[in-house]
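Take a look at the structure below.
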Amino acid sequence: MQDLKSRITRYMICISLITMITMMVIFVVYQLQTAHETARVNAREIFAQVGQILESNDREKKALSQQYHDEILRRADTVAYILERDPSIRTDPEALRDVAATVGVDEIHLIDGDGVIFCSTVPESFGLSFDSGEQLAFFKPMLTDKSLRMVQEITPNTTQGAQLQYTCVWNRDGSIIVQVGMVPENVEKLTEQNELSYLFSLLRTEPGVRLYIVDPATEIIEAATQTSDTGRTLSDVGINPKTVRTIKDGFYTDIDGESHFCIFSILGGKQIGYALSYQRLHGSVSNASMILSFSMALGAILLVLAVTGYMDIFVINPVDTTNECLREIAEGNLDKKVDIRSSLEFSELSNHINAMVNSLLASTQKMSYVLDRAEINIGVYEYSPGMARVRFTERVPRILGIEGKEHHRSWMNREDFQQCVEALKARPFEEEEGVYRRETADGARYIKLEEMRDDSGIMGILMDVTEAVNRRLAIESERDIDPLTGILNRRGMDNTLSRLYEEKADIGHCAVVMIDADGLKQVNDTYGHDSGDLYIRGIAQALTHFGEEACARFAVSRNGGDEFVMFLYGYSDREALMDSIRALHARQDAGRVALANGLRVPLRYSVGYALSTGEGDYYGDLFKAADASMYENKRQRKQLRLS
C-alpha cells in the first residue's frame, strides 16, 4: 500500500511542480510585459515632458520676441525723432553714441538713400552697404519702399559677429534710414533653454536610465545623460540605427557591454532615445519571482504533507486492513469478516465484501443442490495459489473416492486435495484425452477432468463418465471385431494401423501380409456354408496362433470373405522380419480344420507381403503391394498343383 501512497505523493509533487512552473512562466511573462510597458510609459512621459517644456518655452519665446520686436521699433522711432530735432547728430558719431545710451540701444547706424552707412556708433561699420553681407542685405527692400518698417531676427552682425536683433525705419522726411541694434538677452536665454541638450541637463533620471539626442542625418549623439556618449555615433555605443528606425515599441541591445531596453521617438526633428538597463528592468521581476516561487514551494510542501497525512489516516491504513482481510478470504478463510468504518465509502465496501463472501459460500451449496437434484454426476472445485483450502461441491469427494477422509462439507486442505487430483492424473485412460481411470472395489471408474487456469487460480470440473466410456468401449469392440472369427475386421485394422503410424517409434521394421483362403468355394459347394464358416474360422485361429508364436508384434484382421490381413511390426532388423514371413509361408499347406460332421480337411491359403521400415511408407501403399504379391503367390501355387 506504500506504493499507492508513493504514487499519489509523486503525482501531487508533479502536479505541484507543473502548476508552479506554469504559474511562474505566466507570472514572469506578465511581469516582463508589465516591465516593458512601464518602460514605454516612462519613456513616453519623459518625451511628453520634454515636448511640454519645449512648447511652453516656444510660446514664451514668441511672446518675448514680439515684445522685443515692438520695443526695438519704438526705440528706432525715438532715435529718428531725436535726429530730426537735432540734425547735427547725423554726422557726429560721439553724439550718436550718447543718443544710443540715452535710448538704450547697443548700436545705431545711419544709412543714406543708396543703402550705405555714413554714420555709426561702431567705427568698423562706416562705408558698409546693404550689399556688404546677409545681415545688411535683409533690409535692402527698404530702398524701394519707404513705407517699410523691418525687424530682423536675432543674427550675427556683419562687423563683429555678435548676436543682435536689428530694425530699420525711414525718418519722417524719408532722407535717411535709421538702423538700431539690440542684444536680446532674454530671448537668447529662452532660445538656449529650448535646446534639448539644455533640457537633458535639467531632467532627473533614475539609475540605469540613459537619454540620447541624435541627429537623424548623421546618427551622431548630440546630447546624452551619459556625457561620455556625446559626440559618438549610435553604432559606437552599440545601437543599430536601422533598428531605431524600424522598431518603435522597444528593443534590446548591448550598451557598453550591458543589455538595455531602448525606445526612440522623433521630437523637434531630432531622435530622442530612452535606454533602461536590463538589471533595472528585470530586477523587480526577479525579486517578485523569487518571492512567489518560495511561497508556492512552501504552500506545495505543506499541501503534500497535509494530504499524505490525511491519506495515512483515512485511506492507507483502512486499505491495508481491508487487504489483509481479503488475503485471508482468498486463502480460503470465508468466515473472515471485514469491518472498516473510517468513512462511508469504506463502510459500504466492507458490507459489499461480506455480502460477496456470503454469496460465495451460498453459491457452492446452491450448485451442489442443483447438481444433486438434477442427478448429474459432476463436481466442481476452485482454488488459487494463495488459498490454503479448496472449495468444491458435494459430489467431488465421491467422484475422487475420498469420502472416508476428513473434510469439510464444502472445503478441504489444498495440499491434500492436490495430492488426490495428482493421484488421479497418474492413471490416464489412453483411449480418450482428459479421462482418467480409478480402480474401485466395484471395478474401474472413468473420471473426466477439466481444469481452467488463469492468474486468479484454478477451476476444475470432475465428471464420472464410467457409463459413457463402458458403452463406447462396447460399441467400439462390436464395430472393430469380426463376429465370425473374433479377430479385427477391416475397420478395426484401419484404426489399429492409424494409431500405430501416429507412433512411428514403435513400428520398427514391418510388413503388410495379405492372406487369401484356397479351396473355400470347394468346401462351401461340397459341405455347405456352415462348414465354410468353420473353414474361415480355422484360418483366423491359425493366423492368430502363428502371430503369437512366431512374430515380434502383430495385428490380424478379416477384410471380408476369405481375405485376411496381418501386420507384422516391432522388428529390429529386416532379416528377423523375413524369418517370420518365411515361417508363415511354411505353414501355407500344413494345417487342417475340423468341419461340423467331424471331417478334417486341409487348410490352405495364399500369402503376399510388402516390407517397410515404418518411417515414410503409407500403409495403404503397402496393402496394394502385398495384394499384388499375394495374387502372384496364388498363381504360382495353382500352376504348381496343375503340374
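Residues in the C-alpha cells are named by chain (A, B, ... in the order shown) and by number from 1 within that chain; ligands are numbered from 1 in the order shown.
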Contacts of A:Arg445 within 8 Å, only C-alpha atoms, excl. fewer than 4 positions in-chain, as a list in words: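 My list of contacting residues is Arg437, Arg438, Glu439, Thr440, Asp464, Val465 and Thr466 of chain A.
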Would you put the residues from that selection into a file with N, CA and C atoms, as a CSV table (one decimal), in the first residue's frame?
chain,number,residue,atom,x,y,z
A,437,ARG,N,-8.5,-43.2,-15.1
A,437,ARG,CA,-9.1,-44.5,-14.6
A,437,ARG,C,-8.8,-44.6,-13.1
A,438,ARG,N,-9.9,-44.9,-12.4
A,438,ARG,CA,-9.8,-45.1,-11.0
A,438,ARG,C,-10.3,-46.4,-10.6
A,439,GLU,N,-9.5,-47.2,-10.0
A,439,GLU,CA,-9.9,-48.6,-9.6
A,439,GLU,C,-10.7,-48.5,-8.3
A,440,THR,N,-11.8,-49.2,-8.3
A,440,THR,CA,-12.6,-49.3,-7.1
A,440,THR,C,-13.0,-50.8,-6.8
A,464,ASP,N,-18.0,-38.1,-13.7
A,464,ASP,CA,-17.9,-39.5,-13.7
A,464,ASP,C,-18.5,-40.0,-15.1
A,465,VAL,N,-17.6,-40.4,-16.0
A,465,VAL,CA,-18.1,-40.8,-17.3
A,465,VAL,C,-18.0,-42.3,-17.5
A,466,THR,N,-18.0,-43.1,-16.4
A,466,THR,CA,-17.9,-44.5,-16.5
A,466,THR,C,-18.9,-45.2,-17.4
Test item: residues at most 9 Å from stretch 67-76 of chain A, only C-alpha atoms, excluding those fewer than 3 positions along its chain, as a PyMOL selection string: chain A and resi 62-64+79-81+103-105+108+149-153+165-169+178-182+184+187
Shell around A:Phe118 at 12 Å using only C-alpha atoms, local window under 2 positions removed, as an mmCIF file with N, CA and C atoms, in the first residue's frame:
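Writing the result to part_32.cif gives the following:
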data_model
loop_
_atom_site.group_PDB
_atom_site.id
_atom_site.type_symbol
_atom_site.label_atom_id
_atom_site.label_comp_id
_atom_site.auth_asym_id
_atom_site.auth_seq_id
_atom_site.Cartn_x
_atom_site.Cartn_y
_atom_site.Cartn_z
ATOM 1 N N ILE A 89 23.526 115.734 -35.231
ATOM 2 C CA ILE A 89 23.972 114.428 -34.684
ATOM 3 C C ILE A 89 24.256 113.447 -35.816
ATOM 4 N N ARG A 90 23.666 113.671 -36.975
ATOM 5 C CA ARG A 90 23.811 112.734 -38.094
ATOM 6 C C ARG A 90 25.274 112.562 -38.507
ATOM 7 N N THR A 91 26.085 113.502 -38.248
ATOM 8 C CA THR A 91 27.493 113.431 -38.673
ATOM 9 C C THR A 91 28.439 113.352 -37.498
ATOM 10 N N ASP A 92 27.909 113.176 -36.300
ATOM 11 C CA ASP A 92 28.753 113.157 -35.108
ATOM 12 C C ASP A 92 28.598 111.807 -34.409
ATOM 13 N N PRO A 93 29.588 110.909 -34.604
ATOM 14 C CA PRO A 93 29.492 109.575 -34.001
ATOM 15 C C PRO A 93 29.400 109.631 -32.483
ATOM 16 N N ILE A 108 23.696 102.102 -33.357
ATOM 17 C CA ILE A 108 22.879 102.931 -34.248
ATOM 18 C C ILE A 108 23.684 103.122 -35.527
ATOM 19 N N HIS A 109 23.033 102.856 -36.681
ATOM 20 C CA HIS A 109 23.669 103.056 -37.981
ATOM 21 C C HIS A 109 22.745 103.934 -38.810
ATOM 22 N N LEU A 110 23.340 104.966 -39.436
ATOM 23 C CA LEU A 110 22.589 105.857 -40.316
ATOM 24 C C LEU A 110 22.949 105.528 -41.741
ATOM 25 N N ILE A 111 21.927 105.261 -42.543
ATOM 26 C CA ILE A 111 22.128 104.763 -43.911
ATOM 27 C C ILE A 111 21.469 105.735 -44.874
ATOM 28 N N ASP A 112 22.196 106.071 -45.969
ATOM 29 C CA ASP A 112 21.652 107.012 -46.946
ATOM 30 C C ASP A 112 20.723 106.304 -47.917
ATOM 31 N N GLY A 113 20.235 107.065 -48.891
ATOM 32 C CA GLY A 113 19.287 106.507 -49.832
ATOM 33 C C GLY A 113 19.855 105.456 -50.746
ATOM 34 N N ASP A 114 21.195 105.336 -50.790
ATOM 35 C CA ASP A 114 21.831 104.281 -51.621
ATOM 36 C C ASP A 114 22.130 103.029 -50.816
ATOM 37 N N GLY A 115 21.767 103.042 -49.526
ATOM 38 C CA GLY A 115 21.974 101.866 -48.685
ATOM 39 C C GLY A 115 23.359 101.797 -48.112
ATOM 40 N N VAL A 116 24.093 102.959 -47.994
ATOM 41 C CA VAL A 116 25.451 102.959 -47.454
ATOM 42 C C VAL A 116 25.423 103.612 -46.084
ATOM 43 N N SER A 120 27.871 105.935 -37.718
ATOM 44 C CA SER A 120 27.573 104.749 -36.907
ATOM 45 C C SER A 120 28.236 104.863 -35.568
ATOM 46 N N THR A 121 27.629 104.204 -34.600
ATOM 47 C CA THR A 121 28.271 104.118 -33.277
ATOM 48 C C THR A 121 29.409 103.111 -33.287
ATOM 49 N N VAL A 122 29.484 102.341 -34.332
ATOM 50 C CA VAL A 122 30.544 101.334 -34.465
ATOM 51 C C VAL A 122 31.439 101.779 -35.614
ATOM 52 N N PRO A 123 32.657 102.227 -35.354
ATOM 53 C CA PRO A 123 33.519 102.760 -36.420
ATOM 54 C C PRO A 123 33.708 101.764 -37.567
ATOM 55 N N GLU A 124 33.785 100.474 -37.280
ATOM 56 C CA GLU A 124 34.050 99.490 -38.318
ATOM 57 C C GLU A 124 32.912 99.422 -39.339
ATOM 58 N N SER A 125 31.739 99.957 -38.993
ATOM 59 C CA SER A 125 30.585 99.853 -39.882
ATOM 60 C C SER A 125 30.536 100.941 -40.935
ATOM 61 N N PHE A 126 31.383 102.012 -40.798
ATOM 62 C CA PHE A 126 31.373 103.083 -41.786
ATOM 63 C C PHE A 126 31.687 102.532 -43.175
ATOM 64 N N GLY A 127 30.866 102.934 -44.125
ATOM 65 C CA GLY A 127 31.090 102.551 -45.521
ATOM 66 C C GLY A 127 30.436 101.242 -45.934
ATOM 67 N N LEU A 128 29.917 100.495 -44.954
ATOM 68 C CA LEU A 128 29.231 99.252 -45.329
ATOM 69 C C LEU A 128 27.892 99.580 -45.962
ATOM 70 N N SER A 129 27.414 98.688 -46.820
ATOM 71 C CA SER A 129 26.136 98.908 -47.503
ATOM 72 C C SER A 129 25.280 97.645 -47.405
ATOM 73 N N ILE A 176 16.892 109.556 -44.648
ATOM 74 C CA ILE A 176 17.857 108.560 -44.159
ATOM 75 C C ILE A 176 17.100 107.369 -43.567
ATOM 76 N N ILE A 177 17.811 106.268 -43.487
ATOM 77 C CA ILE A 177 17.309 105.052 -42.825
ATOM 78 C C ILE A 177 18.031 104.924 -41.499
ATOM 79 N N VAL A 178 17.252 104.816 -40.454
ATOM 80 C CA VAL A 178 17.819 104.644 -39.119
ATOM 81 C C VAL A 178 17.779 103.144 -38.781
ATOM 82 N N GLN A 179 18.966 102.566 -38.502
ATOM 83 C CA GLN A 179 19.076 101.137 -38.106
ATOM 84 C C GLN A 179 19.519 101.060 -36.661
#
Distance of atom CA of A:Glu433 from atom CA of A:Arg558, expressed in Å to one decimal place: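 Pair atom CA of A:Arg558 / atom CA of A:Glu433 returns 29.3 Å.
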Write down as a CSV table (one decimal) with C-alpha atoms, in the first residue's frame the residues belonging to stretch 419-621 of chain A that are assigned alpha helix (DSSP H) by DSSP computed on the backbone.
chain,number,residue,atom,x,y,z
A,419,GLN,CA,-2.5,-35.0,-3.9
A,420,CYS,CA,-5.8,-36.6,-4.7
A,421,VAL,CA,-6.0,-34.9,-8.1
A,422,GLU,CA,-2.4,-35.8,-9.0
A,423,ALA,CA,-3.0,-39.4,-8.0
A,424,LEU,CA,-6.0,-39.4,-10.4
A,425,LYS,CA,-3.9,-37.9,-13.2
A,466,THR,CA,-17.9,-44.5,-16.5
A,467,GLU,CA,-21.1,-45.5,-18.1
A,468,ALA,CA,-20.3,-43.5,-21.3
A,469,VAL,CA,-16.9,-45.0,-21.6
A,470,ASN,CA,-18.1,-48.5,-21.0
A,471,ARG,CA,-20.8,-48.0,-23.5
A,472,ARG,CA,-18.3,-46.6,-26.1
A,473,LEU,CA,-15.9,-49.4,-25.5
A,474,ALA,CA,-18.6,-52.0,-26.1
A,475,ILE,CA,-19.6,-50.2,-29.3
A,476,GLU,CA,-16.1,-49.9,-30.5
A,477,SER,CA,-15.5,-53.6,-29.7
A,478,GLU,CA,-18.6,-54.6,-31.7
A,479,ARG,CA,-17.6,-52.2,-34.5
A,480,ASP,CA,-14.0,-53.3,-34.9
A,490,ARG,CA,-11.3,-54.2,-41.8
A,491,ARG,CA,-12.3,-51.1,-39.9
A,492,GLY,CA,-10.5,-52.4,-36.8
A,493,MET,CA,-7.4,-52.9,-38.8
A,494,ASP,CA,-7.5,-49.4,-40.2
A,495,ASN,CA,-7.9,-47.9,-36.7
A,496,THR,CA,-5.1,-50.0,-35.4
A,497,LEU,CA,-2.7,-49.0,-38.2
A,498,SER,CA,-3.7,-45.4,-37.8
A,499,ARG,CA,-2.8,-45.4,-34.2
A,500,LEU,CA,0.5,-47.2,-34.8
A,501,TYR,CA,1.5,-44.8,-37.6
A,502,GLU,CA,1.0,-41.9,-35.2
A,520,LEU,CA,-13.2,-72.1,-49.7
A,521,LYS,CA,-15.5,-72.4,-52.6
A,522,GLN,CA,-15.0,-76.2,-52.8
A,523,VAL,CA,-15.7,-76.6,-49.1
A,524,ASN,CA,-18.9,-74.5,-49.4
A,525,ASP,CA,-20.0,-76.4,-52.5
A,526,THR,CA,-19.2,-79.8,-51.0
A,527,TYR,CA,-20.0,-79.5,-47.3
A,529,HIS,CA,-21.8,-72.8,-45.9
A,530,ASP,CA,-21.7,-73.8,-42.3
A,531,SER,CA,-18.6,-75.8,-43.0
A,532,GLY,CA,-17.3,-72.9,-45.0
A,533,ASP,CA,-17.6,-70.7,-41.9
A,534,LEU,CA,-15.7,-73.2,-39.9
A,535,TYR,CA,-13.0,-73.2,-42.6
A,536,ILE,CA,-12.7,-69.4,-42.3
A,537,ARG,CA,-12.6,-69.5,-38.5
A,538,GLY,CA,-9.9,-72.1,-38.7
A,539,ILE,CA,-7.7,-69.8,-40.9
A,540,ALA,CA,-8.2,-67.0,-38.4
A,541,GLN,CA,-7.2,-69.2,-35.5
A,542,ALA,CA,-4.2,-70.5,-37.4
A,543,LEU,CA,-3.0,-66.9,-38.2
A,544,THR,CA,-3.6,-65.8,-34.6
A,545,HIS,CA,-1.5,-68.8,-33.2
A,546,PHE,CA,1.2,-68.0,-35.8
A,547,GLY,CA,1.4,-64.4,-34.6
A,548,GLU,CA,1.6,-65.3,-31.0
A,549,GLU,CA,4.3,-68.0,-31.7
A,550,ALA,CA,6.5,-66.5,-34.4
A,574,ARG,CA,14.8,-56.8,-41.8
A,575,GLU,CA,16.2,-60.3,-41.5
A,576,ALA,CA,14.2,-61.1,-38.4
A,577,LEU,CA,11.1,-59.9,-40.1
A,578,MET,CA,11.8,-62.1,-43.1
A,579,ASP,CA,12.3,-65.1,-40.8
A,580,SER,CA,8.7,-64.6,-39.6
A,581,ILE,CA,7.4,-64.3,-43.2
A,582,ARG,CA,9.2,-67.5,-44.3
A,583,ALA,CA,7.7,-69.3,-41.3
A,584,LEU,CA,4.2,-68.2,-42.5
A,585,HIS,CA,5.0,-69.5,-46.0
A,586,ALA,CA,6.0,-72.8,-44.5
A,619,TYR,CA,0.4,-48.4,-45.2
A,620,GLY,CA,-2.3,-48.0,-47.9
A,621,ASP,CA,0.5,-48.4,-50.5
